[in-house]
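This is protein-v4.cif (mmCIF, N, CA and C atoms).
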data_entry
loop_
_atom_site.label_atom_id
_atom_site.label_comp_id
_atom_site.auth_asym_id
_atom_site.auth_seq_id
_atom_site.Cartn_x
_atom_site.Cartn_y
_atom_site.Cartn_z
N MET A 39 30.23 77.64 11.39
CA MET A 39 29.15 76.69 11.23
C MET A 39 27.88 77.44 10.88
N GLU A 40 27.05 76.76 10.15
CA GLU A 40 25.77 77.37 9.77
C GLU A 40 24.80 76.24 9.46
N ILE A 41 23.53 76.42 9.84
CA ILE A 41 22.47 75.50 9.43
C ILE A 41 21.91 76.03 8.12
N ILE A 42 22.00 75.23 7.06
CA ILE A 42 21.50 75.62 5.74
C ILE A 42 20.64 74.47 5.24
N ASP A 43 19.38 74.77 4.94
CA ASP A 43 18.44 73.77 4.43
C ASP A 43 18.41 72.52 5.31
N GLY A 44 18.45 72.71 6.63
CA GLY A 44 18.36 71.60 7.56
C GLY A 44 19.63 70.79 7.74
N LYS A 45 20.71 71.20 7.11
CA LYS A 45 22.01 70.51 7.22
C LYS A 45 22.98 71.43 7.95
N LEU A 46 23.90 70.82 8.69
CA LEU A 46 24.94 71.56 9.38
C LEU A 46 26.15 71.68 8.47
N TRP A 47 26.50 72.91 8.10
CA TRP A 47 27.66 73.18 7.24
C TRP A 47 28.81 73.64 8.12
N ILE A 48 29.95 72.98 7.97
CA ILE A 48 31.13 73.32 8.75
C ILE A 48 32.26 73.64 7.79
N GLY A 49 32.84 74.82 7.94
CA GLY A 49 33.98 75.19 7.12
C GLY A 49 35.24 74.55 7.67
N SER A 50 36.15 74.21 6.80
CA SER A 50 37.41 73.63 7.25
C SER A 50 38.55 74.44 6.66
N PHE A 51 39.78 73.99 6.88
CA PHE A 51 40.93 74.73 6.40
C PHE A 51 41.98 73.78 5.89
N VAL A 52 42.91 74.32 5.13
CA VAL A 52 44.02 73.54 4.61
C VAL A 52 45.06 73.39 5.70
N SER A 53 45.60 72.19 5.86
CA SER A 53 46.68 71.95 6.81
C SER A 53 47.54 70.81 6.29
N GLU A 54 48.55 70.45 7.01
CA GLU A 54 49.38 69.32 6.59
C GLU A 54 48.58 68.03 6.59
N GLN A 55 47.61 67.92 7.51
CA GLN A 55 46.80 66.72 7.58
C GLN A 55 45.73 66.67 6.49
N THR A 56 45.22 67.83 6.11
CA THR A 56 44.19 67.90 5.06
C THR A 56 44.69 68.88 3.99
N PRO A 57 45.51 68.41 3.04
CA PRO A 57 46.14 69.32 2.09
C PRO A 57 45.18 69.99 1.10
N LYS A 58 43.97 69.53 1.00
CA LYS A 58 42.97 70.18 0.16
C LYS A 58 41.83 70.66 1.05
N GLU A 59 41.36 71.87 0.80
CA GLU A 59 40.27 72.39 1.63
C GLU A 59 38.96 71.70 1.30
N HIS A 60 38.21 71.40 2.33
CA HIS A 60 36.90 70.80 2.19
C HIS A 60 35.91 71.50 3.11
N LEU A 61 34.66 71.46 2.72
CA LEU A 61 33.58 71.78 3.63
C LEU A 61 33.00 70.46 4.09
N LEU A 62 32.51 70.44 5.30
CA LEU A 62 31.85 69.25 5.82
C LEU A 62 30.38 69.59 6.00
N VAL A 63 29.49 68.75 5.44
CA VAL A 63 28.05 68.93 5.57
C VAL A 63 27.51 67.69 6.28
N ILE A 64 26.80 67.92 7.38
CA ILE A 64 26.27 66.81 8.17
C ILE A 64 24.75 66.87 8.17
N ASP A 65 24.11 65.73 7.86
CA ASP A 65 22.67 65.61 7.96
C ASP A 65 22.35 65.17 9.39
N PRO A 66 21.73 66.03 10.21
CA PRO A 66 21.50 65.68 11.61
C PRO A 66 20.49 64.54 11.81
N LYS A 67 19.71 64.21 10.79
CA LYS A 67 18.75 63.12 10.91
C LYS A 67 19.44 61.77 10.79
N THR A 68 20.46 61.67 9.92
CA THR A 68 21.14 60.39 9.68
C THR A 68 22.60 60.41 10.10
N TRP A 69 23.14 61.58 10.41
CA TRP A 69 24.56 61.79 10.74
C TRP A 69 25.47 61.47 9.55
N LYS A 70 24.90 61.43 8.35
CA LYS A 70 25.71 61.23 7.15
C LYS A 70 26.59 62.46 6.93
N LYS A 71 27.87 62.21 6.64
CA LYS A 71 28.82 63.28 6.38
C LYS A 71 29.11 63.35 4.89
N THR A 72 29.11 64.56 4.36
CA THR A 72 29.48 64.80 2.97
C THR A 72 30.59 65.83 2.95
N TYR A 73 31.68 65.50 2.25
CA TYR A 73 32.80 66.43 2.12
C TYR A 73 32.74 67.06 0.74
N ILE A 74 32.86 68.38 0.70
CA ILE A 74 32.84 69.10 -0.57
C ILE A 74 34.21 69.74 -0.76
N SER A 75 34.91 69.33 -1.80
CA SER A 75 36.22 69.90 -2.10
C SER A 75 36.03 71.30 -2.67
N LEU A 76 36.84 72.25 -2.19
CA LEU A 76 36.64 73.65 -2.57
C LEU A 76 37.78 74.22 -3.40
N ASN A 77 37.45 75.25 -4.14
CA ASN A 77 38.39 76.17 -4.80
C ASN A 77 39.28 75.55 -5.86
N ASN A 78 39.05 74.30 -6.20
CA ASN A 78 39.75 73.68 -7.32
C ASN A 78 41.26 73.91 -7.31
N GLY A 79 41.87 73.86 -6.13
CA GLY A 79 43.32 74.00 -6.02
C GLY A 79 43.82 75.42 -6.07
N LEU A 80 42.94 76.41 -6.06
CA LEU A 80 43.39 77.80 -6.15
C LEU A 80 44.17 78.25 -4.93
N ASN A 81 43.97 77.57 -3.81
CA ASN A 81 44.65 77.97 -2.57
C ASN A 81 45.79 77.03 -2.22
N GLU A 82 46.35 76.30 -3.16
CA GLU A 82 47.45 75.39 -2.87
C GLU A 82 48.54 76.13 -2.10
N GLY A 83 48.96 75.57 -0.98
CA GLY A 83 50.04 76.15 -0.22
C GLY A 83 49.63 77.25 0.74
N ARG A 84 48.39 77.68 0.70
CA ARG A 84 47.91 78.73 1.62
C ARG A 84 47.06 78.08 2.70
N ILE A 85 47.16 78.57 3.89
CA ILE A 85 46.33 78.08 4.98
C ILE A 85 45.31 79.17 5.30
N PHE A 86 44.06 78.82 5.30
CA PHE A 86 43.00 79.77 5.58
C PHE A 86 41.84 79.01 6.17
N GLN A 87 40.85 79.73 6.61
CA GLN A 87 39.70 79.11 7.24
C GLN A 87 38.44 79.77 6.73
N THR A 88 37.39 78.97 6.56
CA THR A 88 36.09 79.53 6.17
C THR A 88 35.58 80.38 7.33
N VAL A 89 35.24 81.64 7.02
CA VAL A 89 34.78 82.54 8.08
C VAL A 89 33.26 82.74 8.09
N LYS A 90 32.60 82.50 6.99
CA LYS A 90 31.18 82.81 6.95
C LYS A 90 30.52 82.08 5.77
N PHE A 91 29.26 81.74 5.95
CA PHE A 91 28.42 81.25 4.86
C PHE A 91 27.30 82.26 4.66
N PHE A 92 27.00 82.60 3.39
CA PHE A 92 25.85 83.41 3.05
C PHE A 92 24.97 82.57 2.14
N VAL A 93 23.67 82.70 2.29
CA VAL A 93 22.73 81.92 1.49
C VAL A 93 21.75 82.87 0.83
N ASP A 94 21.49 82.64 -0.46
CA ASP A 94 20.40 83.34 -1.12
C ASP A 94 19.51 82.28 -1.77
N GLU A 95 18.59 82.68 -2.62
CA GLU A 95 17.65 81.73 -3.20
C GLU A 95 18.33 80.62 -4.00
N LYS A 96 19.40 80.94 -4.73
CA LYS A 96 20.03 79.98 -5.63
C LYS A 96 21.38 79.46 -5.16
N PHE A 97 22.08 80.22 -4.32
CA PHE A 97 23.48 79.90 -4.04
C PHE A 97 23.82 79.88 -2.56
N ILE A 98 24.88 79.14 -2.25
CA ILE A 98 25.54 79.18 -0.96
C ILE A 98 26.91 79.78 -1.21
N HIS A 99 27.26 80.82 -0.48
CA HIS A 99 28.54 81.51 -0.64
C HIS A 99 29.41 81.15 0.56
N ALA A 100 30.54 80.47 0.32
CA ALA A 100 31.49 80.13 1.39
C ALA A 100 32.63 81.13 1.31
N VAL A 101 32.76 81.98 2.33
CA VAL A 101 33.74 83.06 2.35
C VAL A 101 34.93 82.62 3.20
N ASP A 102 36.15 82.70 2.64
CA ASP A 102 37.30 82.25 3.42
C ASP A 102 38.13 83.41 3.92
N ALA A 103 39.03 83.12 4.85
CA ALA A 103 39.84 84.16 5.47
C ALA A 103 40.98 84.62 4.58
N GLY A 104 41.12 84.04 3.42
CA GLY A 104 42.05 84.56 2.42
C GLY A 104 41.32 85.66 1.67
N ASN A 105 41.12 85.45 0.38
CA ASN A 105 40.34 86.43 -0.38
C ASN A 105 39.38 85.75 -1.34
N LEU A 106 39.08 84.48 -1.13
CA LEU A 106 38.21 83.75 -2.06
C LEU A 106 36.82 83.54 -1.50
N VAL A 107 35.86 83.58 -2.41
CA VAL A 107 34.48 83.22 -2.11
C VAL A 107 34.11 82.11 -3.08
N THR A 108 33.72 80.97 -2.53
CA THR A 108 33.28 79.87 -3.37
C THR A 108 31.77 79.89 -3.41
N VAL A 109 31.21 79.97 -4.61
CA VAL A 109 29.76 80.04 -4.79
C VAL A 109 29.29 78.66 -5.24
N LEU A 110 28.43 78.04 -4.43
CA LEU A 110 27.92 76.71 -4.71
C LEU A 110 26.44 76.77 -5.05
N ASP A 111 26.01 75.93 -6.00
CA ASP A 111 24.59 75.81 -6.30
C ASP A 111 23.89 75.27 -5.06
N ARG A 112 22.84 75.90 -4.64
CA ARG A 112 22.18 75.54 -3.38
C ARG A 112 21.54 74.16 -3.44
N LYS A 113 21.09 73.72 -4.63
CA LYS A 113 20.44 72.42 -4.74
C LYS A 113 21.42 71.28 -4.94
N THR A 114 22.44 71.48 -5.79
CA THR A 114 23.36 70.38 -6.13
C THR A 114 24.66 70.41 -5.34
N TRP A 115 25.00 71.54 -4.73
CA TRP A 115 26.25 71.77 -4.01
C TRP A 115 27.46 71.79 -4.94
N ASN A 116 27.21 71.86 -6.24
CA ASN A 116 28.32 71.99 -7.19
C ASN A 116 28.84 73.42 -7.18
N ILE A 117 30.14 73.58 -7.41
CA ILE A 117 30.74 74.90 -7.45
C ILE A 117 30.31 75.61 -8.73
N SER A 118 29.67 76.78 -8.57
CA SER A 118 29.28 77.59 -9.72
C SER A 118 30.42 78.49 -10.16
N GLU A 119 31.09 79.10 -9.18
CA GLU A 119 32.24 79.95 -9.48
C GLU A 119 33.06 80.18 -8.21
N VAL A 120 34.28 80.60 -8.42
CA VAL A 120 35.15 81.01 -7.33
C VAL A 120 35.53 82.45 -7.60
N VAL A 121 35.20 83.34 -6.66
CA VAL A 121 35.43 84.77 -6.82
C VAL A 121 36.65 85.16 -5.97
N SER A 122 37.57 85.87 -6.58
CA SER A 122 38.74 86.37 -5.87
C SER A 122 38.51 87.85 -5.58
N LEU A 123 38.41 88.19 -4.29
CA LEU A 123 38.17 89.58 -3.91
C LEU A 123 39.48 90.35 -3.88
N SER A 124 39.39 91.65 -3.90
CA SER A 124 40.59 92.50 -3.92
C SER A 124 41.14 92.75 -2.52
N GLN A 125 40.62 92.08 -1.52
CA GLN A 125 41.07 92.28 -0.15
C GLN A 125 41.01 90.96 0.61
N ASP A 126 41.84 90.82 1.63
CA ASP A 126 41.74 89.67 2.51
C ASP A 126 40.51 89.85 3.39
N ILE A 127 40.00 88.75 3.89
CA ILE A 127 38.74 88.78 4.62
C ILE A 127 38.99 88.44 6.09
N ARG A 128 38.65 89.38 6.95
CA ARG A 128 38.76 89.16 8.40
C ARG A 128 37.38 88.83 8.96
N GLU A 129 36.36 89.53 8.47
CA GLU A 129 34.98 89.34 8.91
C GLU A 129 34.09 89.70 7.74
N ALA A 130 32.89 89.13 7.71
CA ALA A 130 31.96 89.39 6.62
C ALA A 130 30.53 89.41 7.15
N VAL A 131 29.73 90.36 6.64
CA VAL A 131 28.33 90.51 7.04
C VAL A 131 27.54 90.86 5.79
N THR A 132 26.31 90.38 5.71
CA THR A 132 25.43 90.79 4.61
C THR A 132 24.29 91.62 5.17
N TYR A 133 23.83 92.56 4.32
CA TYR A 133 22.70 93.39 4.67
C TYR A 133 22.14 93.99 3.39
N GLU A 134 20.84 93.81 3.17
CA GLU A 134 20.12 94.37 2.04
C GLU A 134 20.83 94.15 0.71
N GLY A 135 21.19 92.91 0.42
CA GLY A 135 21.75 92.55 -0.87
C GLY A 135 23.20 92.93 -1.09
N LYS A 136 23.90 93.26 -0.01
CA LYS A 136 25.31 93.63 -0.12
C LYS A 136 26.12 92.86 0.91
N ALA A 137 27.37 92.59 0.59
CA ALA A 137 28.30 91.98 1.53
C ALA A 137 29.29 93.05 1.97
N TYR A 138 29.49 93.14 3.27
CA TYR A 138 30.44 94.07 3.86
C TYR A 138 31.61 93.24 4.38
N ILE A 139 32.80 93.49 3.83
CA ILE A 139 33.98 92.69 4.14
C ILE A 139 34.98 93.55 4.90
N LEU A 140 35.38 93.08 6.08
CA LEU A 140 36.36 93.77 6.91
C LEU A 140 37.74 93.17 6.67
N SER A 141 38.71 94.04 6.41
CA SER A 141 40.12 93.66 6.27
C SER A 141 40.94 94.54 7.20
N GLN A 142 42.15 94.12 7.44
CA GLN A 142 43.08 94.93 8.22
C GLN A 142 44.12 95.53 7.29
N GLU A 143 44.51 96.77 7.56
CA GLU A 143 45.54 97.47 6.79
C GLU A 143 46.64 97.93 7.73
N ASN A 144 47.76 98.35 7.17
CA ASN A 144 48.86 98.94 7.94
C ASN A 144 49.26 98.08 9.15
N ASP A 145 49.62 96.85 8.85
CA ASP A 145 50.02 95.89 9.89
C ASP A 145 48.90 95.62 10.90
N GLY A 146 47.67 95.72 10.47
CA GLY A 146 46.54 95.38 11.32
C GLY A 146 46.01 96.49 12.19
N THR A 147 46.59 97.68 12.14
CA THR A 147 46.12 98.73 13.04
C THR A 147 44.95 99.52 12.47
N ASP A 148 44.75 99.49 11.18
CA ASP A 148 43.63 100.19 10.55
C ASP A 148 42.71 99.17 9.89
N ALA A 149 41.52 99.61 9.57
CA ALA A 149 40.54 98.71 8.96
C ALA A 149 40.15 99.22 7.58
N MET A 150 39.80 98.30 6.70
CA MET A 150 39.21 98.64 5.43
C MET A 150 37.93 97.81 5.30
N ILE A 151 36.86 98.46 4.89
CA ILE A 151 35.60 97.78 4.65
C ILE A 151 35.29 97.89 3.17
N GLY A 152 35.14 96.75 2.52
CA GLY A 152 34.74 96.71 1.12
C GLY A 152 33.27 96.36 1.05
N VAL A 153 32.53 97.04 0.18
CA VAL A 153 31.10 96.78 -0.01
C VAL A 153 30.93 96.15 -1.39
N TYR A 154 30.35 94.94 -1.40
CA TYR A 154 30.20 94.17 -2.63
C TYR A 154 28.72 93.90 -2.88
N SER A 155 28.31 94.01 -4.14
CA SER A 155 26.94 93.67 -4.50
C SER A 155 26.82 92.15 -4.56
N LEU A 156 25.66 91.65 -4.20
CA LEU A 156 25.39 90.22 -4.26
C LEU A 156 24.30 89.96 -5.27
N PRO A 157 24.30 88.86 -5.99
CA PRO A 157 25.18 87.71 -5.81
C PRO A 157 26.45 87.73 -6.66
N ASP A 158 26.72 88.82 -7.37
CA ASP A 158 27.85 88.81 -8.31
C ASP A 158 29.20 89.19 -7.71
N TRP A 159 29.22 89.67 -6.45
CA TRP A 159 30.45 90.02 -5.74
C TRP A 159 31.25 91.10 -6.45
N LYS A 160 30.57 92.08 -7.01
CA LYS A 160 31.24 93.24 -7.62
C LYS A 160 31.50 94.30 -6.56
N LEU A 161 32.73 94.79 -6.51
CA LEU A 161 33.11 95.81 -5.53
C LEU A 161 32.42 97.12 -5.88
N GLU A 162 31.70 97.70 -4.91
CA GLU A 162 31.02 98.98 -5.12
C GLU A 162 31.81 100.14 -4.53
N THR A 163 32.33 99.96 -3.32
CA THR A 163 33.08 101.02 -2.67
C THR A 163 33.91 100.44 -1.54
N THR A 164 34.85 101.24 -1.05
CA THR A 164 35.63 100.85 0.12
C THR A 164 35.70 102.03 1.09
N TRP A 165 35.84 101.72 2.36
CA TRP A 165 36.05 102.71 3.40
C TRP A 165 37.31 102.32 4.16
N SER A 166 38.16 103.29 4.42
CA SER A 166 39.30 103.07 5.30
C SER A 166 39.01 103.73 6.63
N ILE A 167 39.30 103.04 7.70
CA ILE A 167 39.04 103.54 9.04
C ILE A 167 40.33 103.50 9.82
N HIS A 168 40.81 104.68 10.22
CA HIS A 168 42.05 104.76 10.99
C HIS A 168 41.75 104.47 12.46
N SER A 169 42.56 103.59 13.05
CA SER A 169 42.41 103.26 14.45
C SER A 169 43.10 104.32 15.30
N PRO A 170 42.45 104.81 16.36
CA PRO A 170 43.05 105.85 17.20
C PRO A 170 44.16 105.32 18.11
N ARG A 171 44.28 104.00 18.23
CA ARG A 171 45.34 103.41 19.05
C ARG A 171 45.73 102.06 18.46
N GLN A 172 46.67 101.38 19.04
CA GLN A 172 47.14 100.10 18.54
C GLN A 172 46.14 98.99 18.87
N THR A 173 45.12 98.86 18.05
CA THR A 173 44.14 97.80 18.22
C THR A 173 44.02 97.05 16.91
N LEU A 174 43.47 95.85 16.96
CA LEU A 174 43.25 95.06 15.76
C LEU A 174 41.75 95.04 15.45
N PRO A 175 41.33 95.66 14.34
CA PRO A 175 39.91 95.60 13.97
C PRO A 175 39.56 94.16 13.61
N GLN A 176 38.60 93.58 14.33
CA GLN A 176 38.29 92.18 14.12
C GLN A 176 36.82 91.91 13.86
N ASN A 177 35.94 92.79 14.27
CA ASN A 177 34.51 92.52 14.17
C ASN A 177 33.80 93.60 13.38
N LEU A 178 32.73 93.19 12.75
CA LEU A 178 31.91 94.09 11.95
C LEU A 178 30.47 93.82 12.28
N LEU A 179 29.73 94.85 12.66
CA LEU A 179 28.32 94.72 13.02
C LEU A 179 27.55 95.79 12.28
N ILE A 180 26.48 95.39 11.64
CA ILE A 180 25.59 96.35 10.98
C ILE A 180 24.31 96.39 11.77
N SER A 181 23.97 97.57 12.27
CA SER A 181 22.76 97.75 13.06
C SER A 181 21.83 98.71 12.32
N PRO A 182 20.81 98.19 11.67
CA PRO A 182 19.92 99.04 10.88
C PRO A 182 19.06 99.98 11.72
N ASP A 183 19.00 99.76 13.02
CA ASP A 183 18.16 100.58 13.88
C ASP A 183 18.84 101.86 14.33
N HIS A 184 20.11 102.07 13.99
CA HIS A 184 20.83 103.27 14.46
C HIS A 184 21.25 104.15 13.32
#
As structure tokens, please, write out the structure in this file.
Amino acid sequence: MEIIDGKLWIGSFVSEQTPKEHLLVIDPKTWKKTYISLNNGLNEGRIFQTVKFFVDEKFIHAVDAGNLVTVLDRKTWNISEVVSLSQDIREAVTYEGKAYILSQENDGTDAMIGVYSLPDWKLETTWSIHSPRQTLPQNLLISPDH
């Protein structure tokens, strides 16, 4: 969930009950619900969940737990493009004009972080991080103070 321009944005997922992925946008002043169909059928048959929203001056980026980022025009909510990343997305963070995407490798025991420029989502570099024990890398935190 994210508050964007005074509206509550809720990511949803594909399931047997909702065979097409939608975002739900709620206006808290009127409780009006707006459903936005996503990805133009690119994820047919895949189940995933929206993990993060990023906002810049022109666009809203809906990042899913598969490998797709749906870029919507911030004013009209129309889909501008759908970007397919080279990695699955476990967690996502933005900092100073870049998106940092966490994925799991080697059956989930190691992590890979992809660094993408925004707003074009071009891959700049990747880091692989070996886990010292059997753990699942799940969170990503960027702390500029350290």
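When only C-alpha atoms are used to compute distances to A:Ile98, the closest of the residues A:Ile42, A:Ser122, A:Glu134, A:Asp148 turns out to be A:Ile42.
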>> Please expand the PyMOL selection byres ((chain A and resi 156) around 6.5) into the concrete residues it hits in this file, giving the result as a ChimeraX atom specification.
In response: /A:135-137,154-155,157-160
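Nearest to A:Arg128 of all the residues A:Leu61, A:Val109, A:Met150, A:Ala103 is A:Ala103, counting all atoms listed in the file.
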> Excluding same-chain residues fewer than 2 positions from A:Leu46, what lies within 5 Å of it counting all atoms listed in the file, as JSON, numbers by chain?
Replying inline: {"A": [40, 41, 44, 48, 63, 64]}
Write the selection just made, keeping N, CA and C atoms, as an mmCIF file, in the frame of the given file?
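That gives us again13.cif:
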data_model
loop_
_atom_site.group_PDB
_atom_site.id
_atom_site.type_symbol
_atom_site.label_atom_id
_atom_site.label_comp_id
_atom_site.auth_asym_id
_atom_site.auth_seq_id
_atom_site.Cartn_x
_atom_site.Cartn_y
_atom_site.Cartn_z
ATOM 1 N N GLU A 40 27.050 76.760 10.150
ATOM 2 C CA GLU A 40 25.770 77.370 9.770
ATOM 3 C C GLU A 40 24.800 76.240 9.460
ATOM 4 N N ILE A 41 23.530 76.420 9.840
ATOM 5 C CA ILE A 41 22.470 75.500 9.430
ATOM 6 C C ILE A 41 21.910 76.030 8.120
ATOM 7 N N GLY A 44 18.450 72.710 6.630
ATOM 8 C CA GLY A 44 18.360 71.600 7.560
ATOM 9 C C GLY A 44 19.630 70.790 7.740
ATOM 10 N N ILE A 48 29.950 72.980 7.970
ATOM 11 C CA ILE A 48 31.130 73.320 8.750
ATOM 12 C C ILE A 48 32.260 73.640 7.790
ATOM 13 N N VAL A 63 29.490 68.750 5.440
ATOM 14 C CA VAL A 63 28.050 68.930 5.570
ATOM 15 C C VAL A 63 27.510 67.690 6.280
ATOM 16 N N ILE A 64 26.800 67.920 7.380
ATOM 17 C CA ILE A 64 26.270 66.810 8.170
ATOM 18 C C ILE A 64 24.750 66.870 8.170
#
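Here atom C of A:Asp94 is placed at a distance of 8.5 Å from atom C of A:Arg112.
Here atom CA of A:Lys96 is placed at a distance of 16.1 Å from atom CA of A:Lys45.
Atom to atom, atom N of A:Ile127 and atom C of A:Lys71 stand 27.7 Å apart.
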>> According to DSSP computed on the backbone, where in stretch 96-152 of chain A is there strand (DSSP E or B)? Give the residues as a PyMOL selection string.
In response: chain A and resi 97-102+106-111+117-122+129-133+136-143+148-152
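Checking A:Tyr138, A:Phe97, A:Phe91, A:Tyr73 one by one against A:Asp111, counting all atoms listed in the file, you find the shortest gap at A:Phe97.
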Evaluating the PyMOL selection byres (((chain A and resi 107 and name CA) around 8) and name CA) on the displayed file yields which residues, as a PDB file with N, CA and C atoms, in the coordinates of the input?
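Contents of part05.pdb, as written:
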ATOM      1  N   HIS A  99      27.260  80.820  -0.480  1.00  0.00           N
ATOM      2  CA  HIS A  99      28.540  81.510  -0.640  1.00  0.00           C
ATOM      3  C   HIS A  99      29.410  81.150   0.560  1.00  0.00           C
ATOM      4  N   ALA A 100      30.540  80.470   0.320  1.00  0.00           N
ATOM      5  CA  ALA A 100      31.490  80.130   1.390  1.00  0.00           C
ATOM      6  C   ALA A 100      32.630  81.130   1.310  1.00  0.00           C
ATOM      7  N   VAL A 101      32.760  81.980   2.330  1.00  0.00           N
ATOM      8  CA  VAL A 101      33.740  83.060   2.350  1.00  0.00           C
ATOM      9  C   VAL A 101      34.930  82.620   3.200  1.00  0.00           C
ATOM     10  N   ASP A 102      36.150  82.700   2.640  1.00  0.00           N
ATOM     11  CA  ASP A 102      37.300  82.250   3.420  1.00  0.00           C
ATOM     12  C   ASP A 102      38.130  83.410   3.920  1.00  0.00           C
ATOM     13  N   ASN A 105      41.120  85.450   0.380  1.00  0.00           N
ATOM     14  CA  ASN A 105      40.340  86.430  -0.380  1.00  0.00           C
ATOM     15  C   ASN A 105      39.380  85.750  -1.340  1.00  0.00           C
ATOM     16  N   LEU A 106      39.080  84.480  -1.130  1.00  0.00           N
ATOM     17  CA  LEU A 106      38.210  83.750  -2.060  1.00  0.00           C
ATOM     18  C   LEU A 106      36.820  83.540  -1.500  1.00  0.00           C
ATOM     19  N   THR A 108      33.720  80.970  -2.530  1.00  0.00           N
ATOM     20  CA  THR A 108      33.280  79.870  -3.370  1.00  0.00           C
ATOM     21  C   THR A 108      31.770  79.890  -3.410  1.00  0.00           C
ATOM     22  N   VAL A 109      31.210  79.970  -4.610  1.00  0.00           N
ATOM     23  CA  VAL A 109      29.760  80.040  -4.790  1.00  0.00           C
ATOM     24  C   VAL A 109      29.290  78.660  -5.240  1.00  0.00           C
ATOM     25  N   VAL A 120      34.280  80.600  -8.420  1.00  0.00           N
ATOM     26  CA  VAL A 120      35.150  81.010  -7.330  1.00  0.00           C
ATOM     27  C   VAL A 120      35.530  82.450  -7.600  1.00  0.00           C
ATOM     28  N   VAL A 121      35.200  83.340  -6.660  1.00  0.00           N
ATOM     29  CA  VAL A 121      35.430  84.770  -6.820  1.00  0.00           C
ATOM     30  C   VAL A 121      36.650  85.160  -5.970  1.00  0.00           C
ATOM     31  N   SER A 122      37.570  85.870  -6.580  1.00  0.00           N
ATOM     32  CA  SER A 122      38.740  86.370  -5.870  1.00  0.00           C
ATOM     33  C   SER A 122      38.510  87.850  -5.580  1.00  0.00           C
ATOM     34  N   LEU A 123      38.410  88.190  -4.290  1.00  0.00           N
ATOM     35  CA  LEU A 123      38.170  89.580  -3.910  1.00  0.00           C
ATOM     36  C   LEU A 123      39.480  90.350  -3.880  1.00  0.00           C
TER      37      LEU A 123
END
Padding 6 Å on each side, edges along x, y and z: where is the centre of the box around the listed atoms of stretch 163-168 of chain A, and how long are its edges in Å to one decimal? Output it as AutoDock Vina command-line options.
--center_x 37.2 --center_y 102.4 --center_z 4.6 --size_x 21.7 --size_y 16.8 --size_z 27.8
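You can rank A:Ala130, A:Asp43, A:Pro66, A:Gly49 by their closest distance to A:Lys113 using only C-alpha atoms, and at the top of that list sits A:Asp43.
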